[in-house]
Structure formats: C-alpha cells, structure tokens
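Taking it in order: structure first as structure tokens, then the write-up.
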Amino acid sequence: MAHKANAALASRRENTAGLPSGTLLEAMTWILDDSAPTCLRDSRCRRVYANPAFEALLPSLREEFGENGEEAAAAEALAATADDKSGWSRPQEKVWNLGASQLWESYLARHSVLRSPRGEVLVILEQYQPMDSVRVLRRRLRGAQDRFEDLSKLVSDWIWETDEDFRLSFLSERVLEATGRHPRELIGRPLGDLFLDWDPAAVEAVEADACAPFSDLPASLRHADGSERLFKVSGVPLFAPESGEFIGYHGTAKDITELSARESALLSSKEQAESANRAKSEFLAAVSHELRTPLNAIIGFSELIKNETFGPIGNDMYRDYVADIHGSAEHLLELINDILDVSKIEAGKLDLEEEEVDVIAVAGASARLIVERAEQNGLQLVNELPEELPTLLADARAIKQVLLNLLSNAVKFTPKGGRVTFGAEIDSNGDFLFRVRDTGIGMTEAEIEIALTPFGQVDSRLARNFEGTGLGLPLSKGMVELHGGQLEIESEPDKGTSITVRLPAWRITQT
C-alpha cells in the first residue's frame with residue numbers, strides 16, 4: 001500500500017513538473033483531479049498537468065487535431081487575452097466536436113490565463129465540459145426563470161428587488177396593474193420614493209435593526225390614474241453567498257385598497273348599529289321610567305277603591321272595573337319593569353345586589369306563584385328540589401325573576417295533561433344548576449335563536465293562554481350571564497324543552 005502511494009506521488013510530481021514546487025497552482029492539481037477534463041499549460045502552451053478525465057479525452061483530441069493540435073486553441077486564447085494583465089482573464093469559450101467512429105460529442109472548451117502582476121503568463125487553465133450537461137444546466141436555468149415569471153404573474157402581490165442602496169433592480173409585471181406604470185419606468189428608483197407614505201412607527205422599527213426582514217409594512221402609492229392605493233409591503237435582506245455582504249432586499253407588495261375599504265365600511269356599520277342600539281336602549285329606559293310613576297299612582301288608587309278603604313262602592317259593576325284596572329296596571333308595570341331591565345342589560349347598566357341567597361326558599365317562592373296557573377291549565381307541577389342545597393352569592397330578585405320566567409314559559413307552552421318539573425343540583429364540575437323541564441310543544445334550533453332575541457316570539461300551533469312580549473328568555477339569559485353563568489336550552493318539537501341555569505362554582509358560599 002505504501003509502495004502504491006509513493007508511486008502515485010512520484011507520478012504526480014512528474015505530471016506537474018512544469019509548475020514551481022510548493023506553489024498554490026501545484027496544490028490546485030489535487031482539487032482538479034476529480035473535476036471535468038482539465039489540464040494546465042505553461043506560457044508556451046505546453047501541457048504541464050492533466051487530470052484523469054483529460055487523459056481519457058486526449059485520444060479524441062489527438063484524433064481531431066493531431067499530436068499537439070490542441071495547443072493551437074490555447075495559443076489563440078493566449079493571444080486574445082494579451083491585453084488583460086490583471087489576474088485571471090475572462091474564459092475564452094469554443095465548442096468542439098470530438099469522438100471516434102462518427103460518434104461525435106460536443107464539448108465546450110474554456111481557456112483562462114493567469115498572469116503575474118508584471119503581465120507574465122503563469123499558467124493557462126484548459127477545461128472541457130460536455131455540451132449535454134451545459135445544455136441541461138441552461139435548460140434548468142431557463143426553466144427556473146420561466147417558473148419564477150409564471151408565479152409572479154399568478155400571485156396577486158407584485159414582486160420587487162433592490163440593490164444595496166435600496167434602488168429597484170427588478171419588478172414583476174404585476175406592478176403595471178398595481179401602479180399603472182411599466183416596470184422599466186421604475187427600475188433604478190429608490191424603493192422609498194415609490195410610496196407616498198410609510199407608517200412611521202413601522203419604518204423606525206425596521207431602521208432600528210438594519211438589514212432585518214420586515215412584514216406587512218403599511219404604505220400608500222399614487223396610481224398613474226391619480227387614485228391612491230394602499231399596500232402592505234414585506235421584504236427580506238439578501239446577502240452575497242461568498243462574503244456574506246449585504247447586497248439588497250427582495251419582497252412583495254400586496255394591494256389592500258379594497259380590503260381596507262370593506263373593513264372601514266364594516267366598522268362604520270358596526271358603530272352605527274351600536275349607536276342605534278344604545279339610543280334604543282336609552283329611549284326605552286327613559287320611557288319606562290316615565291311610565292312607572294303614573295302606573296304606580298293608578299295601582300295605588302285602584303287598590304284603595306277596590307278595598308273600599310274610604311267607603312263602599314255603590315255599584316257592583318264599578319267594583320269589577322276597578323279590579324280590572326288594578327290587574328291591568330300591575331301587568332303593565334311588570335312589563336315595563338322587564339323592558340327597563342332588558343334596556344339596562346344591553347346598556348351594561350344593570351347592577352347586581354349580591355347577597356347570600358337561600359336557593360330552596362327562592363325556588364319555592366317562584367313555584368308557588370305559578371301553581372295556580374298550572375292547575376288552571378290542567379298541568380302537573382313537580383318539585384324535584386333536594387332537601388338541602390348550599391347558599392349562593394347572587395342577586396335574589398334576579399334569581400327569582402329568572403326562575404319565574406322559565407316556569408311561566410313552561411306552563412304557557414305545555415298542553416293540558418302535561419308536566420312541568422323543576423329542580424337543582426351541583427354537577428361534577430362544581431357548578432350550581434337549576435333545571436326546568438316540560439312536555440310542551442318544544443322548539444327547533446332556529447326557533448330557539450328567535451326566542452332568545454328581545455321581543456322575539458315563536459309562532460306555534462298552540463293558542464297561548466297568556467299574552468307575552470318575548471322578553472322572558474332574553475331577560476333571563478342576560479341576568480344569568482351577569483352572574484357569570486350560562487343559560488342552556490335543549491328542545492325538540494312536540495317532545496318538550498329542558499332549560500338549565502348554570503352558575504359558576506365560585507358563587508357557592510356554603511355547602
């Protein structure tokens with residue numbers, strides 16, 4: 001093995017005898033051994049080194065040009081570069097057809113001349129590359145360029161590139177559509193001059209970190225037709241692969257004019273809707289407040305007359321009228337109070353008066369108010385409340401109103417012979433649950449959505465026993481959510497409805 005290595009070294013020394021010993025050129029031959037057909041020639045065009053690939057090609061060269069015919073091409077290159085005295089000359093290229101038995105193969109011959117600072121020829125580098133591989137490389141390059149151009153046409157963004165001075169060096173054709181100007185009009189101009197206005201804060205952030213990538217930088221641009229277009233500009237820095245030196249940016253610019261206009265229109269519509277909703281809520285609250293004062297007077301005076309506080313009523317018909325006046329006034333006051341509460345909830349002005357609430361007492365009181373109505377409708381009212389329940393930190397009036405609304409709706413929409421069940425429990429997550437279930441007419445998913453909107457009423461085949469305004473469910477939902485809870489509804493037409501009031505576990509004060 002050592003003998004073979006010594007023989008290879010001796011062969012190399014003989015093959016590179018024309019080169020000064022220990023020079024960089026001698027070291028280069030170690031690299032050139034595995035490259036394409038390559039040889040080194042001296043100032044007289046004599047071959048002083050040939051790699052194995054060149055040795056294999058040499059018979060074809062001699063067949064085509066004679067014993068030393070290839071030296072003529074080197075001499076031609078030497079003469080062509082006589083005026084180039086600085087380092088390596090630009091390669092001289094020529095295509096030759098080489099081969100035997102008419103099996104010709106095209107080669108690209110390249111000759112480069114290395115000269116000393118005084119202009120002396122140090123070495124001529126001669127390389128041969130099969131044209132098939134050259135063509136493949138060129139086809140790949142053209143293919144990559146074609147794909148890039150196709151992609152730049154397909155994407156909605158336009159693509160740009162700058163040099164190290166931020167002057168535009170490339171623009172995709174899409175820029176014509178975006179700006180109304182041909183790319184040739186813009187090449188060489190600073191990227192910053194292309195846009196009318198940049199977001200100052202975003203620009204400062206980019207400048208603070210020189211040569212850093214940036215994304216979605218807002219900027220405006222004046223179109224050739226005079227209109228102003230809005231863009232989001234993104235870019236990444238480019239660095240020379242050899243030296244790592246900054247050489248520019250490339251990036252994209254996305255036209256967001258229409259998108260920005262739509263967002264502005266949506267924002268304006270949202271603000272108008274919110275303003276209208278606030279105005280409505282404030283109007284209802286103001287009217288409701290003004291109506292309650294005279295209604296309280298009507299209720300008070302009608303109650304005095306009904307009870308004959310200051311003496312008997314002379315006519316029995318007047319007594320019935322007074323009872324109707326008193327009942328209607330109380331119903332109207334209840335309705336106005338609901339409207340006022342809904343308006344306050346929508347305006348975010350309904351405050352809870354929290355205290356420790358005895359759940360069994362509140363639920364029982366709500367059920368007692370609905371018992372008579374359930375009996376009149378021929379319904380069975382089932383109490384499934386456990387014997388003991390923890391107290392809750394809540395607004396007692398609100399909880400009672402929620403339960404009363406749910407029980408009232410259950411009774412209202414359950415046909416004769418049906419059943420309404422109510423109960424309470426603590427689930428596995430520790431949340432406190434109220435449940436009201438009925439065997440009534442039920443609702444579809446779409447009808448549930450309607451029922452949860454203020455004044456939303458679901459048409460039904462069942463004639464209502466009581467008039468309503470559609471405020472019960474939305475008012476209950478709002479009050480439950482004010483407590484940090486949820487109102488959950490499960491319903492199926494002709495099967496019934498189950499409504500669960502879920503209050504968070506942290507509202508439980510005593511277990």
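Here, A, B, ... name the chains of the structure tokens in the order displayed, residue numbers run from 1 inside each chain, and ligands are numbered from 1 in the same displayed order.
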Can you list every residue in range 185-300 of chain A that DSSP puts in helix (DSSP H, G or I), as a ChimeraX atom specification? /A:185-186,191-194,200-208,257-300
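Non-sequential neighbours of range 488-500 of chain A (distance at most 7 Å, separation of 5 or more positions within a chain, only C-alpha atoms) are Leu433, Phe434, Arg435, Val436, Arg437, Asp438, Thr439, Gly440, Ile441, Gly442, Met443 and Thr444 of chain A.
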